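Source file: run20.cif; contents: mmCIF, C-alpha atoms and all ligand atoms.
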data_final
loop_
_atom_site.label_atom_id
_atom_site.label_comp_id
_atom_site.auth_asym_id
_atom_site.auth_seq_id
_atom_site.Cartn_x
_atom_site.Cartn_y
_atom_site.Cartn_z
CA MET A 1 70.72 61.80 -82.24
CA SER A 2 70.03 61.64 -85.93
CA VAL A 3 66.61 61.99 -87.51
CA ALA A 4 66.73 58.37 -88.62
CA ARG A 5 67.56 57.08 -85.16
CA ASN A 6 64.92 59.24 -83.50
CA PHE A 7 62.33 58.12 -86.00
CA LEU A 8 63.19 54.43 -85.65
CA ALA A 9 63.14 54.58 -81.84
CA ILE A 10 59.62 56.02 -81.78
CA LYS A 11 58.47 53.76 -84.59
CA SER A 12 59.54 50.61 -82.77
CA GLU A 13 57.98 51.87 -79.56
CA LEU A 14 54.67 52.37 -81.38
CA ASP A 15 54.98 49.05 -83.21
CA SER A 16 55.16 47.30 -79.84
CA VAL A 17 51.59 48.38 -79.05
CA VAL A 18 49.53 45.23 -79.50
CA ARG A 19 46.06 46.78 -79.34
CA GLU A 20 46.14 48.13 -82.89
CA ARG A 21 48.47 49.57 -85.49
CA ILE A 22 49.56 53.13 -84.68
CA THR A 23 50.27 55.50 -87.56
CA LEU A 24 53.27 57.75 -86.95
CA VAL A 25 52.99 61.07 -88.76
CA ALA A 26 56.41 62.74 -88.99
CA VAL A 27 55.72 66.46 -88.63
CA THR A 28 58.20 68.23 -90.89
CA LYS A 29 56.91 71.80 -90.46
CA ASN A 30 59.73 74.32 -90.19
CA HIS A 31 62.28 71.71 -91.16
CA GLY A 32 63.93 71.46 -94.54
CA VAL A 33 63.59 69.01 -97.38
CA GLU A 34 66.80 67.26 -96.31
CA GLN A 35 65.36 66.32 -92.92
CA MET A 36 62.10 65.27 -94.54
CA ARG A 37 64.09 62.97 -96.83
CA GLU A 38 66.07 61.55 -93.93
CA ALA A 39 62.85 60.55 -92.17
CA ILE A 40 61.44 59.00 -95.34
CA ASP A 41 64.69 57.10 -95.97
CA ALA A 42 64.38 55.75 -92.43
CA GLY A 43 60.91 54.45 -93.25
CA ALA A 44 58.47 57.31 -92.61
CA THR A 45 55.31 56.73 -94.63
CA ASP A 46 53.30 59.69 -93.33
CA ILE A 47 54.35 63.35 -93.39
CA GLY A 48 52.54 66.21 -91.65
CA GLU A 49 52.66 69.91 -92.47
CA ASN A 50 50.62 72.73 -90.99
CA ARG A 51 50.89 75.39 -93.68
CA ILE A 52 49.79 75.25 -97.32
CA GLN A 53 52.61 77.36 -98.71
CA GLU A 54 55.30 75.39 -96.93
CA ALA A 55 53.83 72.12 -98.18
CA ALA A 56 53.60 73.47 -101.73
CA ASP A 57 57.29 74.41 -101.54
CA LYS A 58 58.48 71.11 -100.08
CA PHE A 59 56.25 68.34 -101.45
CA PRO A 60 57.58 68.51 -105.03
CA ALA A 61 60.91 67.28 -103.60
CA LEU A 62 59.27 64.06 -102.38
CA ASP A 63 60.61 61.33 -104.62
CA ARG A 64 58.67 58.49 -103.01
CA PRO A 65 54.95 58.14 -102.39
CA VAL A 66 54.05 59.08 -98.82
CA THR A 67 50.73 59.95 -97.22
CA ARG A 68 50.55 63.71 -96.79
CA HIS A 69 48.64 65.10 -93.80
CA LEU A 70 47.47 68.65 -93.24
CA ILE A 71 47.50 69.14 -89.49
CA GLY A 72 47.19 72.93 -89.23
CA HIS A 73 44.21 75.23 -89.39
CA LEU A 74 42.87 75.62 -92.93
CA GLN A 75 41.39 78.85 -94.20
CA THR A 76 38.51 78.62 -96.64
CA ASN A 77 40.41 80.63 -99.25
CA LYS A 78 43.12 77.93 -99.39
CA VAL A 79 40.96 74.86 -99.99
CA LYS A 80 41.92 74.62 -103.68
CA PRO A 81 45.64 74.05 -103.09
CA ALA A 82 44.82 71.98 -100.00
CA VAL A 83 42.86 69.32 -101.87
CA LYS A 84 45.65 69.07 -104.43
CA LEU A 85 48.43 68.77 -101.86
CA PHE A 86 47.04 66.56 -99.11
CA ASP A 87 45.81 63.00 -98.80
CA LEU A 88 44.27 63.54 -95.36
CA ILE A 89 43.10 66.90 -94.04
CA GLN A 90 42.99 66.54 -90.27
CA SER A 91 41.69 69.98 -89.37
CA VAL A 92 38.09 70.25 -90.57
CA ASP A 93 36.26 72.18 -87.87
CA SER A 94 33.24 73.93 -89.38
CA ILE A 95 30.45 73.36 -91.87
CA HIS A 96 31.68 76.49 -93.64
CA LEU A 97 35.11 74.92 -94.24
CA ALA A 98 33.64 71.49 -95.05
CA THR A 99 31.38 73.05 -97.67
CA ALA A 100 34.32 74.76 -99.36
CA LEU A 101 36.44 71.58 -99.25
CA ASP A 102 33.65 69.46 -100.71
CA LYS A 103 33.31 71.88 -103.59
CA ALA A 104 37.07 72.12 -104.21
CA ALA A 105 37.41 68.32 -104.15
CA ALA A 106 34.48 67.95 -106.56
CA ALA A 107 36.13 70.42 -108.94
CA ILE A 108 39.17 68.14 -109.32
CA GLY A 109 37.18 64.90 -109.22
CA LYS A 110 38.53 63.80 -105.86
CA VAL A 111 36.97 62.37 -102.76
CA GLN A 112 38.94 64.05 -99.99
CA ASP A 113 39.74 62.12 -96.83
CA VAL A 114 39.23 64.31 -93.76
CA LEU A 115 39.27 64.21 -89.99
CA ILE A 116 37.17 66.47 -87.82
CA GLN A 117 39.24 68.42 -85.33
CA VAL A 118 37.52 68.64 -81.96
CA ASN A 119 38.25 71.39 -79.45
CA ALA A 120 37.71 68.97 -76.58
CA ALA A 121 39.37 71.22 -74.00
CA ARG A 122 37.31 74.25 -75.08
CA GLU A 123 40.37 76.42 -75.42
CA PRO A 124 39.14 79.75 -76.80
CA GLN A 125 42.27 80.47 -78.86
CA LYS A 126 42.38 77.01 -80.47
CA SER A 127 40.63 75.83 -83.59
CA GLY A 128 38.46 72.73 -83.58
CA VAL A 129 34.72 72.26 -83.48
CA GLN A 130 33.00 72.61 -80.12
CA LEU A 131 31.47 69.38 -78.87
CA GLU A 132 27.91 70.71 -79.10
CA ASN A 133 28.45 71.41 -82.82
CA LEU A 134 30.07 68.08 -83.63
CA ASP A 135 26.91 66.17 -84.56
CA ALA A 136 25.85 68.74 -87.12
CA LEU A 137 29.30 68.76 -88.71
CA ILE A 138 29.39 64.96 -88.88
CA LYS A 139 25.96 64.93 -90.43
CA PHE A 140 27.21 67.36 -93.06
CA THR A 141 30.40 65.43 -93.87
CA ASP A 142 28.48 62.12 -93.99
CA ALA A 143 26.22 63.61 -96.64
CA ALA A 144 28.92 65.39 -98.65
CA ASP A 145 29.68 63.50 -101.88
CA ASN A 146 33.31 64.55 -102.10
CA LEU A 147 34.34 64.23 -98.46
CA ASN A 148 35.19 60.95 -96.77
CA LEU A 149 35.16 61.26 -93.00
CA ARG A 150 37.97 59.08 -91.63
CA GLY A 151 37.89 59.99 -87.94
CA LEU A 152 38.68 62.61 -85.32
CA MET A 153 41.66 64.76 -84.39
CA MET A 154 42.43 66.59 -81.17
CA ILE A 155 45.24 68.85 -80.00
CA ALA A 156 45.56 68.60 -76.23
CA PRO A 157 46.33 71.69 -74.17
CA ASN A 158 50.05 72.24 -73.68
CA LEU A 159 50.22 71.68 -69.93
CA PRO A 160 53.47 71.24 -67.99
CA ASP A 161 52.37 67.77 -66.94
CA ALA A 162 50.93 65.85 -69.90
CA GLU A 163 49.36 63.42 -67.43
CA GLN A 164 46.71 66.09 -66.83
CA CYS A 165 45.44 65.53 -70.38
CA ARG A 166 44.73 61.85 -69.82
CA PRO A 167 40.99 62.35 -69.14
CA LEU A 168 40.69 64.39 -72.31
CA PHE A 169 42.32 61.66 -74.40
CA ARG A 170 40.03 59.11 -72.78
CA GLN A 171 36.98 61.22 -73.49
CA MET A 172 37.99 61.45 -77.16
CA ARG A 173 38.43 57.68 -77.42
CA LEU A 174 34.96 57.11 -75.98
CA LEU A 175 33.51 59.54 -78.49
CA PHE A 176 35.43 57.87 -81.33
CA ASP A 177 34.22 54.40 -80.30
CA GLU A 178 30.66 55.66 -80.18
CA LEU A 179 30.78 57.13 -83.69
CA ARG A 180 32.80 54.41 -85.37
CA PRO A 181 30.35 51.51 -85.78
CA ALA A 182 27.95 53.51 -87.95
CA ARG A 183 30.64 54.67 -90.40
CA ALA A 184 32.74 52.73 -92.87
CA GLY A 185 36.30 54.04 -93.01
CA PHE A 186 36.00 55.96 -89.75
CA ASP A 187 39.30 54.52 -88.55
CA TYR A 188 41.55 57.25 -87.22
CA LEU A 189 41.84 58.92 -83.86
CA SER A 190 44.67 61.44 -84.21
CA MET A 191 46.01 62.75 -80.92
CA GLY A 192 49.39 62.95 -79.25
CA MET A 193 52.47 65.04 -79.99
CA THR A 194 56.02 64.94 -78.67
CA HIS A 195 55.21 65.79 -75.07
CA ASP A 196 52.05 63.73 -74.68
CA TYR A 197 51.97 60.93 -77.28
CA LYS A 198 52.71 58.13 -74.82
CA ILE A 199 49.65 59.02 -72.77
CA ALA A 200 47.54 59.59 -75.88
CA VAL A 201 48.43 56.12 -77.16
CA GLU A 202 47.72 54.53 -73.79
CA GLU A 203 44.28 56.12 -73.93
CA GLY A 204 43.51 54.98 -77.46
CA ALA A 205 45.08 57.23 -80.10
CA ASN A 206 45.93 55.34 -83.29
CA VAL A 207 47.54 58.28 -85.11
CA VAL A 208 50.24 60.40 -83.48
CA ARG A 209 51.80 63.56 -84.93
CA ILE A 210 55.40 63.98 -83.89
CA GLY A 211 57.84 66.71 -84.84
CA THR A 212 60.29 67.69 -82.10
CA ALA A 213 61.12 64.17 -80.90
CA ILE A 214 62.13 63.23 -84.46
CA PHE A 215 63.66 66.41 -85.88
CA GLY A 216 64.68 68.39 -82.81
CA GLU A 217 63.57 71.89 -81.84
CA ARG A 218 62.03 74.11 -84.48
CA PHE A 219 63.57 77.53 -84.95
CA TYR A 220 61.28 80.22 -86.23
CA THR A 221 62.95 83.07 -88.02
C1 LIG A 301 53.54 71.06 -84.73
C2 LIG A 301 52.43 70.13 -84.53
C3 LIG A 301 52.65 68.82 -84.06
C4 LIG A 301 54.01 68.30 -83.67
O1 LIG A 301 54.40 68.88 -82.46
P1 LIG A 301 55.72 68.39 -81.67
O2 LIG A 301 55.49 68.88 -80.31
O3 LIG A 301 56.88 69.05 -82.33
O4 LIG A 301 55.78 66.92 -81.76
C5 LIG A 301 51.55 67.99 -83.94
N1 LIG A 301 50.30 68.40 -84.25
C6 LIG A 301 50.06 69.64 -84.71
C7 LIG A 301 48.65 70.02 -85.04
C8 LIG A 301 51.10 70.55 -84.85
O5 LIG A 301 50.84 71.78 -85.32
#
I'd like the structure from this file rewritten - as structure tokens, please.
Amino acid sequence: MSVARNFLAIKSELDSVVRERITLVAVTKNHGVEQMREAIDAGATDIGENRIQEAADKFPALDRPVTRHLIGHLQTNKVKPAVKLFDLIQSVDSIHLATALDKAAAAIGKVQDVLIQVNAAREPQKSGVQLENLDALIKFTDAADNLNLRGLMMIAPNLPDAEQCRPLFRQMRLLFDELRPARAGFDYLSMGMTHDYKIAVEEGANVVRIGTAIFGERFYT
């Protein structure tokens, strides 16, 4: 299957959801510029990368405007390139990082759209804010002049049966619905990847991040 056909199959599946519009982020990490272009030619409007350097290498080859998402963990020492490269930073998970991003965005006169990444499953090795620290982080981002909080992001545990993550997706949707009314522009709930996006969407995700199902397996060298 070609990239274009894979992309279009998932896109039409998501477009058939009547509840709300679902944003499909094509995750191009570890794939070349050619594949990225193929997806964009097929209609991809949103591209996701997880590393700053890789994005810096590939984004200059974009010849059409697309929305660029940072979906990987961001280190404080890379906030300067991050605010230049990305339209939406999905991985804000600490006040420390949010402070640095706010400052870097201010320095280039930008209001940076961000999502807060929640470690809903409490996986020790994963990034994401712990639930008990979420309120304080939201309070900080709400007050930050150069950050615009657009919603929440979650990476579900990689379990053999994605069905097991359903309660976690549901819990995130409830949290999202609780926070949303008080915040203008708080519109995105980003959860679901190749192996679990169908369940994530059933449970209320409105942004999915899909790599493998569009581009095939990634090979790390
Ligand atoms: C790599 C990655 C994805 C895409 O994963 P696939 O299983 O290839 O669809 C989604 N979200 C994040 C945060 C990722 O790092």
Considering all atoms listed in the file, give me a table of residues in chain A that are at most 9 Å from ligand LIG 301 (chain A), with the closest atom pair and distance in Å for each, as CSV.
residue,atom,partner,partner_atom,distance
A:Val25,CA,A:LIG301,C5,8.6
A:Ala26,CA,A:LIG301,C4,8.1
A:Val27,CA,A:LIG301,C4,5.6
A:Thr28,CA,A:LIG301,C1,8.2
A:Lys29,CA,A:LIG301,C1,6.7
A:Asn30,CA,A:LIG301,C1,8.9
A:Gly48,CA,A:LIG301,C5,8.0
A:Glu49,CA,A:LIG301,O5,7.6
A:Asn50,CA,A:LIG301,O5,5.8
A:Leu70,CA,A:LIG301,C7,8.4
A:Ile71,CA,A:LIG301,C7,4.7
A:Gly72,CA,A:LIG301,C7,5.3
A:His73,CA,A:LIG301,C7,8.1
A:Gln90,CA,A:LIG301,C7,8.5
A:Ser91,CA,A:LIG301,C7,8.2
A:Met153,CA,A:LIG301,C7,8.8
A:Met154,CA,A:LIG301,C7,8.1
A:Ile155,CA,A:LIG301,C7,6.2
A:Ser190,CA,A:LIG301,N1,9.0
A:Met191,CA,A:LIG301,N1,7.8
A:Gly192,CA,A:LIG301,C5,7.2
A:Met193,CA,A:LIG301,O4,4.2
A:Thr194,CA,A:LIG301,O4,3.7
A:His195,CA,A:LIG301,O2,6.1
A:Asp196,CA,A:LIG301,O2,8.4
A:Tyr197,CA,A:LIG301,O4,8.4
A:Val208,CA,A:LIG301,C5,7.7
A:Arg209,CA,A:LIG301,C5,4.5
A:Ile210,CA,A:LIG301,O4,3.7
A:Gly211,CA,A:LIG301,O3,3.6
A:Thr212,CA,A:LIG301,O3,3.7
A:Ala213,CA,A:LIG301,O4,6.1
A:Ile214,CA,A:LIG301,O4,7.8
A:Phe215,CA,A:LIG301,O3,8.1
A:Gly216,CA,A:LIG301,O3,7.8
A:Glu217,CA,A:LIG301,O3,7.3
A:Arg218,CA,A:LIG301,O3,7.5
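Separating atom CA of Asp41 of chain A from atom CA of Ala61 of chain A is a distance of 13.3 Å.
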### Task
Please indicate the distance in Å from atom CA of Leu62 of chain A to atom CA of Phe86 of chain A, rounded to one decimal place.
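Pair atom CA of Leu62 of chain A / atom CA of Phe86 of chain A returns 12.9 Å.
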### Query
So how many Å separate atom CA of Leu115 of chain A and atom CA of Glu178 of chain A, to one decimal?
15.6 Å
### Query
Which one is closest to Thr67 of chain A: A:Val92, A:Leu24, A:Asp102, A:Glu38? Count all atoms listed in the file.
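Checking each of A:Val92, A:Leu24, A:Asp102, A:Glu38 against Thr67 of chain A, counting all atoms listed in the file, the winner is A:Leu24.
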Selection: 7 Å around segment 126-132 of chain A, only C-alpha atoms, excl. self and same-chain fewer than 6 positions, as a PDB file with C-alpha atoms, keeping the file's coordinate frame:
ATOM      1  CA  HIS A  73      44.210  75.230 -89.390  1.00  0.00           C
ATOM      2  CA  ASP A  93      36.260  72.180 -87.870  1.00  0.00           C
ATOM      3  CA  SER A  94      33.240  73.930 -89.380  1.00  0.00           C
ATOM      4  CA  GLN A 117      39.240  68.420 -85.330  1.00  0.00           C
ATOM      5  CA  VAL A 118      37.520  68.640 -81.960  1.00  0.00           C
ATOM      6  CA  ASN A 119      38.250  71.390 -79.450  1.00  0.00           C
ATOM      7  CA  ALA A 120      37.710  68.970 -76.580  1.00  0.00           C
TER       8      ALA A 120
END
Using the partial input, fill out segment 54-87 of chain A with N, CA and C atoms; write the result as a PDB file, in the frame of the given file.
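Written file, result.pdb:
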ATOM      1  N   GLU A  54      54.121  76.191 -97.236  1.00  0.00           N
ATOM      2  CA  GLU A  54      55.300  75.390 -96.930  1.00  0.00           C
ATOM      3  C   GLU A  54      55.213  74.008 -97.586  1.00  0.00           C
ATOM      4  N   ALA A  55      54.029  73.425 -97.545  1.00  0.00           N
ATOM      5  CA  ALA A  55      53.830  72.120 -98.180  1.00  0.00           C
ATOM      6  C   ALA A  55      54.023  72.219 -99.692  1.00  0.00           C
ATOM      7  N   ALA A  56      53.482  73.282-100.271  1.00  0.00           N
ATOM      8  CA  ALA A  56      53.600  73.470-101.730  1.00  0.00           C
ATOM      9  C   ALA A  56      55.073  73.621-102.126  1.00  0.00           C
ATOM     10  N   ASP A  57      55.856  74.243-101.256  1.00  0.00           N
ATOM     11  CA  ASP A  57      57.290  74.410-101.540  1.00  0.00           C
ATOM     12  C   ASP A  57      58.061  73.093-101.397  1.00  0.00           C
ATOM     13  N   LYS A  58      57.673  72.290-100.408  1.00  0.00           N
ATOM     14  CA  LYS A  58      58.480  71.110-100.080  1.00  0.00           C
ATOM     15  C   LYS A  58      58.034  69.809-100.755  1.00  0.00           C
ATOM     16  N   PHE A  59      56.732  69.631-100.945  1.00  0.00           N
ATOM     17  CA  PHE A  59      56.250  68.340-101.450  1.00  0.00           C
ATOM     18  C   PHE A  59      56.791  67.959-102.828  1.00  0.00           C
ATOM     19  N   PRO A  60      57.036  68.932-103.727  1.00  0.00           N
ATOM     20  CA  PRO A  60      57.580  68.510-105.030  1.00  0.00           C
ATOM     21  C   PRO A  60      58.920  67.775-104.897  1.00  0.00           C
ATOM     22  N   ALA A  61      59.618  67.967-103.784  1.00  0.00           N
ATOM     23  CA  ALA A  61      60.910  67.280-103.600  1.00  0.00           C
ATOM     24  C   ALA A  61      60.744  65.838-103.121  1.00  0.00           C
ATOM     25  N   LEU A  62      59.507  65.446-102.815  1.00  0.00           N
ATOM     26  CA  LEU A  62      59.270  64.060-102.380  1.00  0.00           C
ATOM     27  C   LEU A  62      59.467  63.142-103.581  1.00  0.00           C
ATOM     28  N   ASP A  63      60.392  62.201-103.471  1.00  0.00           N
ATOM     29  CA  ASP A  63      60.610  61.330-104.620  1.00  0.00           C
ATOM     30  C   ASP A  63      60.036  59.932-104.406  1.00  0.00           C
ATOM     31  N   ARG A  64      59.343  59.764-103.265  1.00  0.00           N
ATOM     32  CA  ARG A  64      58.670  58.490-103.010  1.00  0.00           C
ATOM     33  C   ARG A  64      57.259  58.774-102.530  1.00  0.00           C
ATOM     34  N   PRO A  65      56.315  57.884-102.832  1.00  0.00           N
ATOM     35  CA  PRO A  65      54.950  58.140-102.390  1.00  0.00           C
ATOM     36  C   PRO A  65      54.848  58.052-100.872  1.00  0.00           C
ATOM     37  N   VAL A  66      54.354  59.109-100.240  1.00  0.00           N
ATOM     38  CA  VAL A  66      54.050  59.080 -98.820  1.00  0.00           C
ATOM     39  C   VAL A  66      52.646  59.660 -98.649  1.00  0.00           C
ATOM     40  N   THR A  67      52.035  59.374 -97.515  1.00  0.00           N
ATOM     41  CA  THR A  67      50.730  59.950 -97.220  1.00  0.00           C
ATOM     42  C   THR A  67      50.941  61.322 -96.599  1.00  0.00           C
ATOM     43  N   ARG A  68      50.307  62.324 -97.199  1.00  0.00           N
ATOM     44  CA  ARG A  68      50.550  63.710 -96.790  1.00  0.00           C
ATOM     45  C   ARG A  68      49.373  64.233 -95.964  1.00  0.00           C
ATOM     46  N   HIS A  69      49.676  64.661 -94.750  1.00  0.00           N
ATOM     47  CA  HIS A  69      48.640  65.100 -93.800  1.00  0.00           C
ATOM     48  C   HIS A  69      48.695  66.605 -93.598  1.00  0.00           C
ATOM     49  N   LEU A  70      47.548  67.251 -93.687  1.00  0.00           N
ATOM     50  CA  LEU A  70      47.470  68.650 -93.240  1.00  0.00           C
ATOM     51  C   LEU A  70      46.994  68.640 -91.798  1.00  0.00           C
ATOM     52  N   ILE A  71      47.833  69.185 -90.912  1.00  0.00           N
ATOM     53  CA  ILE A  71      47.500  69.140 -89.490  1.00  0.00           C
ATOM     54  C   ILE A  71      47.215  70.531 -88.916  1.00  0.00           C
ATOM     55  N   GLY A  72      47.419  71.571 -89.725  1.00  0.00           N
ATOM     56  CA  GLY A  72      47.190  72.930 -89.230  1.00  0.00           C
ATOM     57  C   GLY A  72      45.841  73.464 -89.671  1.00  0.00           C
ATOM     58  N   HIS A  73      45.478  74.576 -89.065  1.00  0.00           N
ATOM     59  CA  HIS A  73      44.210  75.230 -89.390  1.00  0.00           C
ATOM     60  C   HIS A  73      44.163  75.588 -90.878  1.00  0.00           C
ATOM     61  N   LEU A  74      43.031  75.335 -91.494  1.00  0.00           N
ATOM     62  CA  LEU A  74      42.870  75.620 -92.930  1.00  0.00           C
ATOM     63  C   LEU A  74      41.870  76.749 -93.120  1.00  0.00           C
ATOM     64  N   GLN A  75      42.302  77.761 -93.877  1.00  0.00           N
ATOM     65  CA  GLN A  75      41.390  78.850 -94.200  1.00  0.00           C
ATOM     66  C   GLN A  75      40.638  78.512 -95.474  1.00  0.00           C
ATOM     67  N   THR A  76      39.384  78.949 -95.509  1.00  0.00           N
ATOM     68  CA  THR A  76      38.510  78.620 -96.640  1.00  0.00           C
ATOM     69  C   THR A  76      39.111  79.061 -97.976  1.00  0.00           C
ATOM     70  N   ASN A  77      39.853  80.149 -97.970  1.00  0.00           N
ATOM     71  CA  ASN A  77      40.410  80.630 -99.250  1.00  0.00           C
ATOM     72  C   ASN A  77      41.601  79.798 -99.733  1.00  0.00           C
ATOM     73  N   LYS A  78      42.001  78.777 -98.950  1.00  0.00           N
ATOM     74  CA  LYS A  78      43.120  77.930 -99.390  1.00  0.00           C
ATOM     75  C   LYS A  78      42.702  76.487 -99.664  1.00  0.00           C
ATOM     76  N   VAL A  79      41.397  76.248 -99.795  1.00  0.00           N
ATOM     77  CA  VAL A  79      40.960  74.860 -99.990  1.00  0.00           C
ATOM     78  C   VAL A  79      41.405  74.285-101.332  1.00  0.00           C
ATOM     79  N   LYS A  80      41.532  75.136-102.343  1.00  0.00           N
ATOM     80  CA  LYS A  80      41.920  74.620-103.680  1.00  0.00           C
ATOM     81  C   LYS A  80      43.302  73.988-103.648  1.00  0.00           C
ATOM     82  N   PRO A  81      44.341  74.721-103.200  1.00  0.00           N
ATOM     83  CA  PRO A  81      45.640  74.050-103.090  1.00  0.00           C
ATOM     84  C   PRO A  81      45.612  72.899-102.084  1.00  0.00           C
ATOM     85  N   ALA A  82      44.828  73.025-101.047  1.00  0.00           N
ATOM     86  CA  ALA A  82      44.820  71.980-100.000  1.00  0.00           C
ATOM     87  C   ALA A  82      44.379  70.632-100.553  1.00  0.00           C
ATOM     88  N   VAL A  83      43.332  70.612-101.359  1.00  0.00           N
ATOM     89  CA  VAL A  83      42.860  69.320-101.870  1.00  0.00           C
ATOM     90  C   VAL A  83      43.835  68.723-102.896  1.00  0.00           C
ATOM     91  N   LYS A  84      44.637  69.592-103.502  1.00  0.00           N
ATOM     92  CA  LYS A  84      45.650  69.070-104.430  1.00  0.00           C
ATOM     93  C   LYS A  84      46.850  68.507-103.690  1.00  0.00           C
ATOM     94  N   LEU A  85      47.186  69.126-102.551  1.00  0.00           N
ATOM     95  CA  LEU A  85      48.430  68.770-101.860  1.00  0.00           C
ATOM     96  C   LEU A  85      48.302  67.621-100.877  1.00  0.00           C
ATOM     97  N   PHE A  86      47.128  67.443-100.281  1.00  0.00           N
ATOM     98  CA  PHE A  86      47.040  66.560 -99.110  1.00  0.00           C
ATOM     99  C   PHE A  86      46.135  65.352 -99.315  1.00  0.00           C
ATOM    100  N   ASP A  87      46.610  64.223 -98.778  1.00  0.00           N
ATOM    101  CA  ASP A  87      45.810  63.000 -98.800  1.00  0.00           C
ATOM    102  C   ASP A  87      44.778  62.995 -97.667  1.00  0.00           C
TER     103      ASP A  87
END
